[in-house]
file structure.cif (mmCIF, C-alpha atoms)
data_input
#
loop_
_atom_site.group_PDB
_atom_site.id
_atom_site.type_symbol
_atom_site.label_atom_id
_atom_site.label_comp_id
_atom_site.auth_asym_id
_atom_site.auth_seq_id
_atom_site.Cartn_x
_atom_site.Cartn_y
_atom_site.Cartn_z
ATOM 1 C CA ASN A 1 0.000 0.000 0.000
ATOM 2 C CA ASP A 2 1.541 3.315 -1.077
ATOM 3 C CA ASN A 3 0.045 4.964 1.985
ATOM 4 C CA MET A 4 2.939 3.402 3.869
ATOM 5 C CA ALA A 5 5.103 6.170 2.473
ATOM 6 C CA SER A 6 3.301 8.711 4.642
ATOM 7 C CA LYS A 7 4.295 6.952 7.852
ATOM 8 C CA ASP A 8 7.096 8.393 9.927
ATOM 9 C CA ILE A 9 10.356 6.629 9.085
ATOM 10 C CA SER A 10 12.615 9.491 10.099
ATOM 11 C CA ASN A 11 15.789 8.885 12.025
ATOM 12 C CA ASN A 12 14.045 9.622 15.327
ATOM 13 C CA GLY A 13 11.981 7.324 17.497
ATOM 14 C CA LEU A 14 13.058 3.926 16.221
ATOM 15 C CA PHE A 15 10.954 2.111 18.779
ATOM 16 C CA ASP A 16 7.804 4.007 17.724
ATOM 17 C CA LYS A 17 8.040 2.967 14.077
ATOM 18 C CA PRO A 18 5.725 0.361 12.515
ATOM 19 C CA ARG A 19 7.362 -3.040 12.405
ATOM 20 C CA ILE A 20 7.000 -6.781 11.949
ATOM 21 C CA THR A 21 8.203 -8.505 15.103
ATOM 22 C CA LEU A 22 9.867 -11.909 15.114
ATOM 23 C CA GLU A 23 6.771 -13.447 16.708
ATOM 24 C CA GLU A 24 4.520 -11.930 14.026
ATOM 25 C CA GLU A 25 6.843 -13.116 11.288
ATOM 26 C CA ILE A 26 6.878 -16.692 12.631
ATOM 27 C CA ALA A 27 3.074 -16.713 12.847
ATOM 28 C CA GLU A 28 2.835 -15.326 9.320
ATOM 29 C CA MET A 29 5.156 -17.981 7.893
ATOM 30 C CA GLU A 30 3.296 -20.774 9.684
ATOM 31 C CA ALA A 31 0.028 -19.586 8.128
ATOM 32 C CA LEU A 32 1.344 -19.615 4.551
ATOM 33 C CA ASP A 33 -0.124 -21.961 1.983
ATOM 34 C CA ALA A 34 2.084 -25.069 1.706
ATOM 35 C CA ARG A 35 2.741 -24.488 -2.003
ATOM 36 C CA LEU A 36 3.812 -20.887 -1.422
ATOM 37 C CA ALA A 37 6.010 -21.901 1.515
ATOM 38 C CA LEU A 38 7.736 -24.491 -0.690
ATOM 39 C CA SER A 39 8.225 -21.907 -3.445
ATOM 40 C CA ILE A 40 9.879 -19.518 -0.983
ATOM 41 C CA GLU A 41 12.165 -22.259 0.330
ATOM 42 C CA CYS A 42 13.156 -23.181 -3.230
ATOM 43 C CA ASP A 43 13.949 -19.538 -3.993
ATOM 44 C CA LEU A 44 16.116 -19.182 -0.902
ATOM 45 C CA ARG A 45 18.122 -22.330 -1.505
ATOM 46 C CA GLY A 46 18.635 -21.890 -5.232
ATOM 47 C CA MET A 47 16.432 -24.769 -6.366
ATOM 48 C CA THR A 48 14.127 -22.471 -8.376
ATOM 49 C CA ALA A 49 17.129 -21.064 -10.217
ATOM 50 C CA ARG A 50 18.577 -24.501 -10.954
ATOM 51 C CA LEU A 51 15.305 -25.532 -12.628
ATOM 52 C CA ALA A 52 14.636 -22.206 -14.351
ATOM 53 C CA ARG A 53 15.846 -23.223 -17.799
ATOM 54 C CA MET A 54 13.430 -26.146 -17.841
ATOM 55 C CA GLN A 55 10.477 -23.916 -17.014
ATOM 56 C CA VAL A 56 11.021 -20.912 -19.277
ATOM 57 C CA GLN A 57 8.789 -20.624 -22.340
ATOM 58 C CA SER A 58 9.537 -18.369 -25.272
ATOM 59 C CA ALA A 59 7.302 -15.361 -25.571
ATOM 60 C CA THR A 60 5.289 -15.845 -28.771
ATOM 61 C CA ASN A 61 3.647 -13.243 -30.965
ATOM 62 C CA GLU A 62 0.332 -14.364 -29.513
ATOM 63 C CA LEU A 63 1.491 -13.625 -25.964
ATOM 64 C CA LEU A 64 2.788 -10.205 -27.009
ATOM 65 C CA CYS A 65 -0.549 -9.412 -28.652
ATOM 66 C CA MET A 66 -2.360 -10.454 -25.489
ATOM 67 C CA MET A 67 -0.034 -8.280 -23.421
ATOM 68 C CA ASN A 68 -0.678 -5.282 -25.670
ATOM 69 C CA LYS A 69 -4.431 -5.804 -25.284
ATOM 70 C CA GLU A 70 -4.046 -5.815 -21.506
ATOM 71 C CA ILE A 71 -2.025 -2.596 -21.668
ATOM 72 C CA SER A 72 -4.846 -0.972 -23.656
ATOM 73 C CA LYS A 73 -7.287 -1.800 -20.834
ATOM 74 C CA LEU A 74 -5.221 -0.075 -18.116
ATOM 75 C CA PRO A 75 -6.198 3.382 -16.800
ATOM 76 C CA SER A 76 -4.798 6.271 -18.815
ATOM 77 C CA ASP A 77 -2.988 7.843 -15.859
ATOM 78 C CA LEU A 78 -1.191 4.574 -15.051
ATOM 79 C CA LYS A 79 0.131 4.100 -18.589
ATOM 80 C CA ALA A 80 0.744 7.773 -19.443
ATOM 81 C CA VAL A 81 4.549 7.498 -19.167
ATOM 82 C CA TYR A 82 4.556 4.223 -21.089
ATOM 83 C CA ASN A 83 2.530 5.862 -23.878
ATOM 84 C CA GLN A 84 4.973 8.754 -23.949
ATOM 85 C CA ALA A 85 7.867 6.277 -24.194
ATOM 86 C CA ASN A 86 6.168 4.710 -27.223
ATOM 87 C CA MET A 87 6.271 8.083 -28.937
ATOM 88 C CA GLU A 88 9.686 9.350 -27.782
ATOM 89 C CA CYS A 89 11.766 6.166 -27.656
ATOM 90 C CA PRO A 90 9.898 3.297 -29.366
ATOM 91 C CA GLU A 91 13.134 1.298 -29.535
ATOM 92 C CA LEU A 92 13.085 1.078 -25.718
ATOM 93 C CA VAL A 93 9.588 -0.439 -25.614
ATOM 94 C CA ASP A 94 9.944 -2.952 -28.425
ATOM 95 C CA ASN A 95 9.064 -6.637 -28.211
ATOM 96 C CA TYR A 96 12.458 -7.528 -26.739
ATOM 97 C CA HIS A 97 11.763 -5.143 -23.854
ATOM 98 C CA LYS A 98 8.259 -6.528 -23.367
ATOM 99 C CA MET A 99 9.486 -10.113 -23.404
ATOM 100 C CA LYS A 100 11.527 -9.443 -20.265
ATOM 101 C CA PHE A 101 8.324 -8.602 -18.414
ATOM 102 C CA LEU A 102 6.545 -11.660 -19.787
ATOM 103 C CA GLU A 103 9.428 -13.820 -18.549
ATOM 104 C CA ARG A 104 9.270 -12.204 -15.112
ATOM 105 C CA GLU A 105 5.538 -12.893 -14.830
ATOM 106 C CA ASP A 106 5.685 -16.463 -16.186
ATOM 107 C CA ASN A 107 4.054 -15.399 -19.461
ATOM 108 C CA ASN A 108 1.005 -13.923 -17.729
ATOM 109 C CA PRO A 109 -0.116 -11.059 -20.036
ATOM 110 C CA VAL A 110 -2.173 -9.287 -17.338
ATOM 111 C CA MET A 111 0.628 -9.194 -14.767
ATOM 112 C CA SER A 112 3.243 -8.397 -17.420
ATOM 113 C CA ALA A 113 1.260 -5.415 -18.699
ATOM 114 C CA SER A 114 0.843 -4.028 -15.196
ATOM 115 C CA ARG A 115 4.528 -4.427 -14.326
ATOM 116 C CA LEU A 116 5.638 -2.850 -17.608
ATOM 117 C CA VAL A 117 3.612 0.360 -17.275
ATOM 118 C CA ARG A 118 4.518 0.662 -13.581
ATOM 119 C CA TYR A 119 8.174 0.280 -14.554
ATOM 120 C CA TRP A 120 7.927 3.318 -16.810
ATOM 121 C CA LYS A 121 6.103 5.308 -14.150
ATOM 122 C CA CYS A 122 8.876 4.474 -11.680
ATOM 123 C CA ARG A 123 11.540 5.341 -14.248
ATOM 124 C CA MET A 124 9.980 8.774 -14.730
ATOM 125 C CA ALA A 125 9.885 9.350 -10.944
ATOM 126 C CA LEU A 126 13.622 8.621 -10.698
ATOM 127 C CA PHE A 127 15.040 10.146 -13.881
ATOM 128 C CA GLY A 128 12.586 12.936 -14.629
ATOM 129 C CA PRO A 129 11.391 13.939 -18.107
ATOM 130 C CA GLU A 130 14.899 14.982 -19.220
ATOM 131 C CA ARG A 131 16.429 11.513 -18.871
ATOM 132 C CA CYS A 132 13.533 9.060 -18.578
ATOM 133 C CA PHE A 133 13.383 8.314 -22.314
ATOM 134 C CA LEU A 134 17.126 8.127 -22.944
ATOM 135 C CA PRO A 135 18.835 4.740 -23.361
ATOM 136 C CA MET A 136 19.832 3.114 -20.069
ATOM 137 C CA THR A 137 23.536 3.779 -20.609
ATOM 138 C CA LEU A 138 26.241 5.706 -18.778
ATOM 139 C CA THR A 139 26.125 8.424 -21.431
ATOM 140 C CA GLY A 140 22.334 8.336 -21.743
ATOM 141 C CA ALA A 141 19.976 8.153 -18.784
ATOM 142 C CA MET A 142 22.968 7.890 -16.391
ATOM 143 C CA GLN A 143 24.878 10.853 -17.807
ATOM 144 C CA GLY A 144 26.666 12.773 -15.066
ATOM 145 C CA GLU A 145 26.407 9.903 -12.556
ATOM 146 C CA ILE A 146 29.682 8.050 -13.129
ATOM 147 C CA ALA A 147 31.720 9.921 -10.513
ATOM 148 C CA ASN A 148 28.986 9.482 -7.898
ATOM 149 C CA MET A 149 28.685 5.760 -8.606
ATOM 150 C CA ILE A 150 32.424 5.275 -8.135
ATOM 151 C CA MET A 151 32.642 7.470 -5.046
ATOM 152 C CA TRP A 152 29.523 6.059 -3.358
ATOM 153 C CA PRO A 153 29.100 2.399 -4.443
ATOM 154 C CA VAL A 154 26.211 1.821 -2.035
ATOM 155 C CA ARG A 155 24.798 -1.083 -4.046
ATOM 156 C CA GLN A 156 26.869 -3.104 -6.469
ATOM 157 C CA PHE A 157 26.681 -6.434 -8.277
ATOM 158 C CA LEU A 158 29.536 -8.863 -7.868
ATOM 159 C CA PRO A 159 31.327 -9.902 -11.077
ATOM 160 C CA VAL A 160 30.430 -13.536 -10.275
ATOM 161 C CA LYS A 161 27.150 -15.405 -9.772
ATOM 162 C CA ASP A 162 26.260 -17.830 -7.008
ATOM 163 C CA THR A 163 26.486 -21.570 -7.689
ATOM 164 C CA ALA A 164 22.822 -21.595 -8.771
ATOM 165 C CA GLY A 165 23.535 -18.985 -11.461
ATOM 166 C CA ARG A 166 21.916 -15.981 -9.743
ATOM 167 C CA ALA A 167 23.376 -12.467 -9.856
ATOM 168 C CA ILE A 168 24.526 -11.129 -6.477
ATOM 169 C CA LEU A 169 23.863 -7.536 -5.400
ATOM 170 C CA VAL A 170 25.780 -6.275 -2.371
ATOM 171 C CA PHE A 171 24.388 -3.470 -0.191
ATOM 172 C CA ARG A 172 26.967 -1.495 1.824
ATOM 173 C CA PRO A 173 24.965 0.562 4.340
ATOM 174 C CA GLU A 174 28.064 2.263 5.734
ATOM 175 C CA LEU A 175 28.338 4.193 2.456
ATOM 176 C CA CYS A 176 24.832 5.693 2.673
ATOM 177 C CA ASN A 177 25.172 9.468 2.840
ATOM 178 C CA ASP A 178 22.035 11.147 1.530
ATOM 179 C CA ASP A 179 23.545 14.607 1.932
ATOM 180 C CA LYS A 180 26.277 13.841 -0.613
ATOM 181 C CA TYR A 181 24.520 11.197 -2.740
ATOM 182 C CA ASN A 182 20.747 11.482 -2.627
ATOM 183 C CA VAL A 183 18.304 8.595 -2.615
ATOM 184 C CA GLU A 184 17.060 9.203 -6.171
ATOM 185 C CA GLN A 185 20.630 8.972 -7.461
ATOM 186 C CA GLN A 186 21.186 5.763 -5.501
ATOM 187 C CA MET A 187 18.053 4.210 -7.010
ATOM 188 C CA MET A 188 19.021 5.379 -10.500
ATOM 189 C CA ALA A 189 22.373 3.624 -10.099
ATOM 190 C CA LEU A 190 20.620 0.521 -8.804
ATOM 191 C CA LEU A 191 18.186 0.393 -11.732
ATOM 192 C CA TYR A 192 21.041 0.889 -14.186
ATOM 193 C CA GLN A 193 22.957 -2.005 -12.662
ATOM 194 C CA ILE A 194 19.891 -4.256 -12.643
ATOM 195 C CA GLU A 195 19.262 -3.450 -16.313
ATOM 196 C CA ALA A 196 22.908 -4.330 -17.034
ATOM 197 C CA ALA A 197 22.625 -7.596 -15.091
ATOM 198 C CA ILE A 198 19.485 -8.766 -16.893
ATOM 199 C CA GLU A 199 21.089 -8.359 -20.288
ATOM 200 C CA ASP A 200 22.246 -11.857 -19.380
ATOM 201 C CA PRO A 201 19.273 -14.174 -20.123
ATOM 202 C CA GLU A 202 20.445 -16.582 -17.402
ATOM 203 C CA VAL A 203 20.004 -13.845 -14.793
ATOM 204 C CA ARG A 204 16.533 -13.003 -16.113
ATOM 205 C CA HIS A 205 15.548 -16.634 -15.756
ATOM 206 C CA LYS A 206 17.276 -17.434 -12.477
ATOM 207 C CA GLY A 207 16.957 -14.120 -10.670
ATOM 208 C CA ILE A 208 19.057 -12.010 -8.341
ATOM 209 C CA ILE A 209 19.855 -12.124 -4.638
ATOM 210 C CA PHE A 210 20.704 -9.324 -2.200
ATOM 211 C CA ILE A 211 23.437 -9.390 0.429
ATOM 212 C CA SER A 212 23.665 -6.737 3.163
ATOM 213 C CA HIS A 213 26.392 -6.330 5.764
ATOM 214 C CA GLY A 214 24.355 -6.106 8.966
ATOM 215 C CA LYS A 215 27.224 -4.930 11.145
ATOM 216 C CA ASP A 216 27.065 -1.492 9.555
ATOM 217 C CA MET A 217 23.286 -1.329 9.194
ATOM 218 C CA GLY A 218 21.725 1.348 11.379
ATOM 219 C CA LEU A 219 19.232 4.174 11.498
ATOM 220 C CA ASN A 220 20.666 5.921 8.425
ATOM 221 C CA ILE A 221 18.766 3.559 6.104
ATOM 222 C CA LEU A 222 15.368 3.971 7.795
ATOM 223 C CA LYS A 223 14.103 6.934 5.833
ATOM 224 C CA THR A 224 10.700 7.157 4.202
ATOM 225 C CA LYS A 225 11.972 8.090 0.766
ATOM 226 C CA THR A 226 14.636 5.360 0.708
ATOM 227 C CA LEU A 227 12.236 2.597 1.699
ATOM 228 C CA PHE A 228 9.444 3.881 -0.536
ATOM 229 C CA LEU A 229 11.617 4.188 -3.664
ATOM 230 C CA LEU A 230 13.379 0.881 -3.060
ATOM 231 C CA ARG A 231 10.105 -0.972 -2.602
ATOM 232 C CA ASN A 232 8.643 0.635 -5.729
ATOM 233 C CA LEU A 233 11.728 -0.265 -7.742
ATOM 234 C CA ILE A 234 11.746 -3.907 -6.635
ATOM 235 C CA ASN A 235 8.043 -4.140 -7.505
ATOM 236 C CA VAL A 236 8.575 -3.129 -11.155
ATOM 237 C CA ILE A 237 11.898 -4.599 -12.305
ATOM 238 C CA PRO A 238 11.583 -7.489 -14.792
ATOM 239 C CA VAL A 239 13.487 -10.017 -12.691
ATOM 240 C CA HIS A 240 12.836 -12.064 -9.550
ATOM 241 C CA VAL A 241 14.543 -11.201 -6.271
ATOM 242 C CA ARG A 242 15.033 -14.754 -5.022
ATOM 243 C CA ALA A 243 16.599 -14.106 -1.611
ATOM 244 C CA VAL A 244 17.805 -11.384 0.744
ATOM 245 C CA HIS A 245 20.672 -12.193 3.112
ATOM 246 C CA THR A 246 21.670 -9.946 6.010
ATOM 247 C CA ILE A 247 25.066 -11.032 7.310
ATOM 248 C CA TYR A 248 26.386 -10.439 10.840
ATOM 249 C CA SER A 249 24.871 -8.038 13.333
ATOM 250 C CA SER A 250 24.955 -4.659 15.036
ATOM 251 C CA LYS A 251 23.434 -3.577 18.322
ATOM 252 C CA LEU A 252 20.376 -2.075 16.605
ATOM 253 C CA LEU A 253 20.065 -4.589 13.763
ATOM 254 C CA PRO A 254 17.181 -6.707 15.147
ATOM 255 C CA LYS A 255 14.996 -3.599 15.585
ATOM 256 C CA VAL A 256 16.125 -2.141 12.258
ATOM 257 C CA LEU A 257 15.181 -5.376 10.488
ATOM 258 C CA GLU A 258 11.733 -5.354 12.081
ATOM 259 C CA VAL A 259 11.082 -1.938 10.541
ATOM 260 C CA LEU A 260 12.586 -2.868 7.173
ATOM 261 C CA LYS A 261 10.501 -6.022 6.923
ATOM 262 C CA TYR A 262 7.332 -4.013 7.524
ATOM 263 C CA PHE A 263 8.064 -1.627 4.675
ATOM 264 C CA VAL A 264 9.586 -3.869 1.988
ATOM 265 C CA GLY A 265 6.435 -5.999 1.676
ATOM 266 C CA ASP A 266 5.608 -9.696 1.740
ATOM 267 C CA GLU A 267 7.703 -10.936 -1.185
ATOM 268 C CA MET A 268 10.970 -9.589 0.214
ATOM 269 C CA ARG A 269 10.134 -10.284 3.847
ATOM 270 C CA TRP A 270 9.371 -13.945 3.234
ATOM 271 C CA ARG A 271 12.674 -14.370 1.415
ATOM 272 C CA HIS A 272 14.876 -12.722 4.013
ATOM 273 C CA VAL A 273 17.477 -14.656 6.027
ATOM 274 C CA TRP A 274 19.518 -13.152 8.862
ATOM 275 C CA HIS A 275 22.880 -14.880 9.410
ATOM 276 C CA HIS A 276 24.620 -14.217 12.717
ATOM 277 C CA GLY A 277 27.320 -15.863 14.769
ATOM 278 C CA SER A 278 31.017 -16.365 14.105
ATOM 279 C CA GLU A 279 32.421 -15.710 10.640
ATOM 280 C CA GLU A 280 33.217 -19.412 10.238
ATOM 281 C CA LYS A 281 29.638 -20.414 11.161
ATOM 282 C CA VAL A 282 28.053 -17.849 8.835
ATOM 283 C CA LEU A 283 30.271 -18.682 5.867
ATOM 284 C CA LYS A 284 29.643 -22.406 6.298
ATOM 285 C CA ASP A 285 25.867 -21.809 6.415
ATOM 286 C CA LEU A 286 25.954 -19.655 3.279
ATOM 287 C CA GLU A 287 27.931 -22.251 1.343
ATOM 288 C CA ASN A 288 26.108 -25.364 2.507
ATOM 289 C CA ASN A 289 22.531 -24.040 2.396
ATOM 290 C CA PHE A 290 22.341 -20.996 0.107
ATOM 291 C CA CYS A 291 24.710 -21.520 -2.870
ATOM 292 C CA LEU A 292 27.174 -18.902 -1.601
ATOM 293 C CA PRO A 293 30.718 -20.226 -1.082
ATOM 294 C CA ARG A 294 33.556 -17.799 -0.326
ATOM 295 C CA ARG A 295 34.347 -17.383 -4.027
ATOM 296 C CA CYS A 296 30.851 -15.882 -4.456
ATOM 297 C CA LEU A 297 31.036 -13.438 -1.538
ATOM 298 C CA PRO A 298 32.671 -10.007 -1.167
ATOM 299 C CA THR A 299 35.722 -9.545 1.039
ATOM 300 C CA GLU A 300 33.632 -7.296 3.311
ATOM 301 C CA VAL A 301 31.845 -10.361 4.702
ATOM 302 C CA GLY A 302 34.757 -12.799 4.588
ATOM 303 C CA GLY A 303 34.589 -13.826 0.933
ATOM 304 C CA ASP A 304 37.150 -13.717 -1.867
ATOM 305 C CA VAL A 305 35.628 -11.187 -4.290
ATOM 306 C CA VAL A 306 36.904 -7.607 -4.280
ATOM 307 C CA LEU A 307 34.236 -5.003 -5.053
ATOM 308 C CA ASP A 308 35.446 -2.565 -7.699
ATOM 309 C CA MET A 309 32.868 -0.140 -9.074
ATOM 310 C CA GLY A 310 35.548 1.579 -11.154
ATOM 311 C CA ALA A 311 36.253 -1.652 -13.036
ATOM 312 C CA PHE A 312 32.518 -2.228 -13.578
ATOM 313 C CA ILE A 313 32.095 1.287 -14.982
ATOM 314 C CA ALA A 314 35.130 0.896 -17.278
ATOM 315 C CA ASN A 315 33.818 -2.407 -18.635
ATOM 316 C CA ARG A 316 30.340 -0.973 -19.194
ATOM 317 C CA LEU A 317 31.698 2.105 -20.980
ATOM 318 C CA GLU A 318 33.728 -0.082 -23.318
ATOM 319 C CA LEU A 319 30.720 -2.324 -24.010
ATOM 320 C CA GLU A 320 28.370 0.601 -24.597
ATOM 321 C CA MET A 321 30.860 2.293 -26.931
ATOM 322 C CA ARG A 322 31.166 -0.900 -29.011
ATOM 323 C CA ARG A 323 27.398 -1.171 -29.254
ATOM 324 C CA ALA A 324 27.115 2.451 -30.390
ATOM 325 C CA GLN A 325 29.528 1.969 -33.280
ATOM 326 C CA PRO A 326 27.907 1.523 -36.694
ATOM 327 C CA TYR A 327 28.409 -1.853 -38.300
#
call {"tool": "encode", "arguments": {"input": "structure.cif", "output": "C-alpha cells"}}
result
Amino acid sequence: NDNMASKDISNNGLFDKPRITLEEEIAEMEALDARLALSIECDLRGMTARLARMQVQSATNELLCMMNKEISKLPSDLKAVYNQANMECPELVDNYHKMKFLEREDNNPVMSASRLVRYWKCRMALFGPERCFLPMTLTGAMQGEIANMIMWPVRQFLPVKDTAGRAILVFRPELCNDDKYNVEQQMMALLYQIEAAIEDPEVRHKGIIFISHGKDMGLNILKTKTLFLLRNLINVIPVHVRAVHTIYSSKLLPKVLEVLKYFVGDEMRWRHVWHHGSEEKVLKDLENNFCLPRRCLPTEVGGDVVLDMGAFIANRLELEMRRAQPY
C-alpha cells in the first residue's frame, strides 16, 4: 500500500516505528499456503534457479498481442509514461523489452502489462522527463552519474554469480550518505545495474539475490523516501529477487530489520534470512545451504571477491561504446 510512504520513518523514534516482530513473522510464515512456503524455500536455496531453464517458455507473438491488449485496458494515468515512451523512444519499448516482463511474470499477459507500465512510471519518478526516455547507458539516462557511482558504491553487483547462477547484489549501508549522494541517485544507479545484469538471459531466468552487511546497518537507512523508492523499484523490475541475506549483526540490527521487513512488503520479507554468529559459522551456512561459497562473496563479509565499481564502470563504458559503433 503506497500509503505506507506517509508513515514516519525518520531517524528519530526507532521504537515508535511500525514493524513486523519476530513473533509476528513466525506466525505469518506458519500460516502460509504449503505451495507458497515451498516456493519460498526453493527460492532461498537456489532450487528455483537450478530448474529455471526447464520452465522458461519463449514469448510468442500471440502472448505479445495479449499483453498489448491488456495494456490498452489499463487506466490512462497509469500508462501515461509508457505511452509517452512509445512516442519518444519506441526502440526502448519494443518486443524484446516486453518479453523481459513476460518472462518475469511467467508469461502472464495481465501481470506483465501491469509491471511494464509501472516500470515506466517508476523510471519517470527517478530520472525525470529529461532523462527518462534516454537509453539506459552511462552516457544516456545515467549521464553525469559516473563519478557518484564510483565514489559512493552503495549497491553493487559482484562480477560472479552464485552456484545456482543468480546475480549477487551487495548493499553497503556504511556508504549511505544522503547529503552527498541522494536517494534518487542511488536508485538510479541501482536500476542501471539491474538493467545491465538482466542483459544476461540466465540472470533473467534465475533471478538475483541481495546481500547486506548487517554490522554497519543502522538508522541511516530507515528513511521514508529510501524505503518507498526501493520498494517501488523492486516491484517493477523485470526479474525475480530470489533471496535477501543480512550477514552479521549490530546492536540495533534486530529492531532495524523489524522496521525494514514491515516496509519492503511480503515478497521480500518472506525471502529474508539473517545470518549471525562467528564468521566461520556464517560462511559455512551460506555455502552449505544458500549456494554462496567464499568465491561468491565479497571480502567485506569474509569472501574472496573484491568489489570494484571503477572496473565495472570501465567495462560498461567499453561495451556501450562498441554497441554504439555503426556496423
call {"tool": "resolve_selection", "arguments": {"input": "structure.cif", "expression": "the PyMOL selection byres ((chain A and resi 85) around 12)", "output": "number ranges by chain"}}
result
A: 79-84, 86-94, 116-117, 119-121, 123-124, 129, 131-135
call {"tool": "closest_atom_pairs", "arguments": {"input": "structure.cif", "of": "stretch 52-149 of chain A", "to": "stretch 300-311 of chain A", "cutoff": "12 Å", "atoms": "all atoms listed in the file", "output": "tab-separated table"}}
result
residue	atom	partner	partner_atom	distance
A:Ile146	CA	A:Gly310	CA	9.0
A:Ala147	CA	A:Gly310	CA	9.2
A:Asn148	CA	A:Met309	CA	10.4
A:Met149	CA	A:Met309	CA	7.2
call {"tool": "atom_distance", "arguments": {"input": "structure.cif", "atom1": "atom CA of A:Gly46", "atom2": "atom CA of A:Glu24"}}
result
25.9 Å
call {"tool": "resolve_selection", "arguments": {"input": "structure.cif", "expression": "the PyMOL selection byres ((chain A and resi 47) around 12)", "output": "list in words"}}
result
Leu38, Ser39, Ile40, Glu41, Cys42, Asp43, Leu44, Arg45, Gly46, Thr48, Ala49, Arg50, Leu51, Ala52, Arg53, Met54, Thr163, Ala164, Gly165, Arg166, Lys206, Gly207, Arg242, Ala243, Asn289, Phe290 and Cys291 of chain A
call {"tool": "residues_near_point", "arguments": {"input": "structure.cif", "point": "(18.5, 9.3, -15.4)", "cutoff": "10 Å", "atoms": "all atoms listed in the file", "output": "PyMOL selection string"}}
result
chain A and resi 123-145+184-185+187-189+191-192
call {"tool": "atom_distance", "arguments": {"input": "structure.cif", "atom1": "atom CA of A:Ala34", "atom2": "atom CA of A:Arg104"}}
result
22.4 Å
call {"tool": "closest_residue", "arguments": {"input": "structure.cif", "among": "A:Ile247, A:Ile26, A:Met67, A:Cys176", "to": "A:Glu279", "atoms": "only C-alpha atoms"}}
result
A:Ile247
call {"tool": "resolve_selection", "arguments": {"input": "structure.cif", "expression": "the PyMOL selection byres ((chain A and resi 270-277) around 9)", "output": "PDB file with C-alpha atoms, keeping the file's coordinate frame"}}
result
ATOM      1  CA  GLU A  25       6.843 -13.116  11.288  1.00  0.00           C
ATOM      2  CA  MET A  29       5.156 -17.981   7.893  1.00  0.00           C
ATOM      3  CA  ALA A  37       6.010 -21.901   1.515  1.00  0.00           C
ATOM      4  CA  ILE A  40       9.879 -19.518  -0.983  1.00  0.00           C
ATOM      5  CA  GLU A  41      12.165 -22.259   0.330  1.00  0.00           C
ATOM      6  CA  ASP A  43      13.949 -19.538  -3.993  1.00  0.00           C
ATOM      7  CA  LEU A  44      16.116 -19.182  -0.902  1.00  0.00           C
ATOM      8  CA  GLY A 214      24.355  -6.106   8.966  1.00  0.00           C
ATOM      9  CA  VAL A 241      14.543 -11.201  -6.271  1.00  0.00           C
ATOM     10  CA  ARG A 242      15.033 -14.754  -5.022  1.00  0.00           C
ATOM     11  CA  ALA A 243      16.599 -14.106  -1.611  1.00  0.00           C
ATOM     12  CA  VAL A 244      17.805 -11.384   0.744  1.00  0.00           C
ATOM     13  CA  HIS A 245      20.672 -12.193   3.112  1.00  0.00           C
ATOM     14  CA  THR A 246      21.670  -9.946   6.010  1.00  0.00           C
ATOM     15  CA  ILE A 247      25.066 -11.032   7.310  1.00  0.00           C
ATOM     16  CA  TYR A 248      26.386 -10.439  10.840  1.00  0.00           C
ATOM     17  CA  SER A 249      24.871  -8.038  13.333  1.00  0.00           C
ATOM     18  CA  LYS A 261      10.501  -6.022   6.923  1.00  0.00           C
ATOM     19  CA  GLY A 265       6.435  -5.999   1.676  1.00  0.00           C
ATOM     20  CA  ASP A 266       5.608  -9.696   1.740  1.00  0.00           C
ATOM     21  CA  GLU A 267       7.703 -10.936  -1.185  1.00  0.00           C
ATOM     22  CA  MET A 268      10.970  -9.589   0.214  1.00  0.00           C
ATOM     23  CA  ARG A 269      10.134 -10.284   3.847  1.00  0.00           C
ATOM     24  CA  SER A 278      31.017 -16.365  14.105  1.00  0.00           C
ATOM     25  CA  GLU A 279      32.421 -15.710  10.640  1.00  0.00           C
ATOM     26  CA  GLU A 280      33.217 -19.412  10.238  1.00  0.00           C
ATOM     27  CA  LYS A 281      29.638 -20.414  11.161  1.00  0.00           C
ATOM     28  CA  VAL A 282      28.053 -17.849   8.835  1.00  0.00           C
ATOM     29  CA  ASP A 285      25.867 -21.809   6.415  1.00  0.00           C
ATOM     30  CA  LEU A 286      25.954 -19.655   3.279  1.00  0.00           C
TER      31      LEU A 286
END
call {"tool": "atom_distance", "arguments": {"input": "structure.cif", "atom1": "atom CA of A:Ile234", "atom2": "atom CA of A:Ala31"}}
result
24.5 Å
call {"tool": "closest_residue", "arguments": {"input": "structure.cif", "among": "A:Met321, A:Leu227, A:Ala197, A:Leu102", "to": "A:Val259", "atoms": "only C-alpha atoms"}}
result
A:Leu227
call {"tool": "residues_around", "arguments": {"input": "structure.cif", "residues": "A:Lys73", "least_positions_apart": "3", "cutoff": "12 Å", "atoms": "only C-alpha atoms", "output": "PDB file with C-alpha atoms, keeping the file's coordinate frame"}}
result
ATOM      1  CA  MET A  66      -2.360 -10.454 -25.489  1.00  0.00           C
ATOM      2  CA  MET A  67      -0.034  -8.280 -23.421  1.00  0.00           C
ATOM      3  CA  ASN A  68      -0.678  -5.282 -25.670  1.00  0.00           C
ATOM      4  CA  LYS A  69      -4.431  -5.804 -25.284  1.00  0.00           C
ATOM      5  CA  GLU A  70      -4.046  -5.815 -21.506  1.00  0.00           C
ATOM      6  CA  SER A  76      -4.798   6.271 -18.815  1.00  0.00           C
ATOM      7  CA  ASP A  77      -2.988   7.843 -15.859  1.00  0.00           C
ATOM      8  CA  LEU A  78      -1.191   4.574 -15.051  1.00  0.00           C
ATOM      9  CA  LYS A  79       0.131   4.100 -18.589  1.00  0.00           C
ATOM     10  CA  PRO A 109      -0.116 -11.059 -20.036  1.00  0.00           C
ATOM     11  CA  VAL A 110      -2.173  -9.287 -17.338  1.00  0.00           C
ATOM     12  CA  ALA A 113       1.260  -5.415 -18.699  1.00  0.00           C
ATOM     13  CA  SER A 114       0.843  -4.028 -15.196  1.00  0.00           C
ATOM     14  CA  VAL A 117       3.612   0.360 -17.275  1.00  0.00           C
TER      15      VAL A 117
END
call {"tool": "closest_residue", "arguments": {"input": "structure.cif", "among": "A:Leu229, A:Met151, A:Val264, A:Ile208", "to": "A:Ile313", "atoms": "only C-alpha atoms"}}
result
A:Met151
call {"tool": "closest_residue", "arguments": {"input": "structure.cif", "among": "A:Val203, A:Ile194, A:Val236, A:Leu317", "to": "A:Ala167", "atoms": "only C-alpha atoms"}}
result
A:Val203
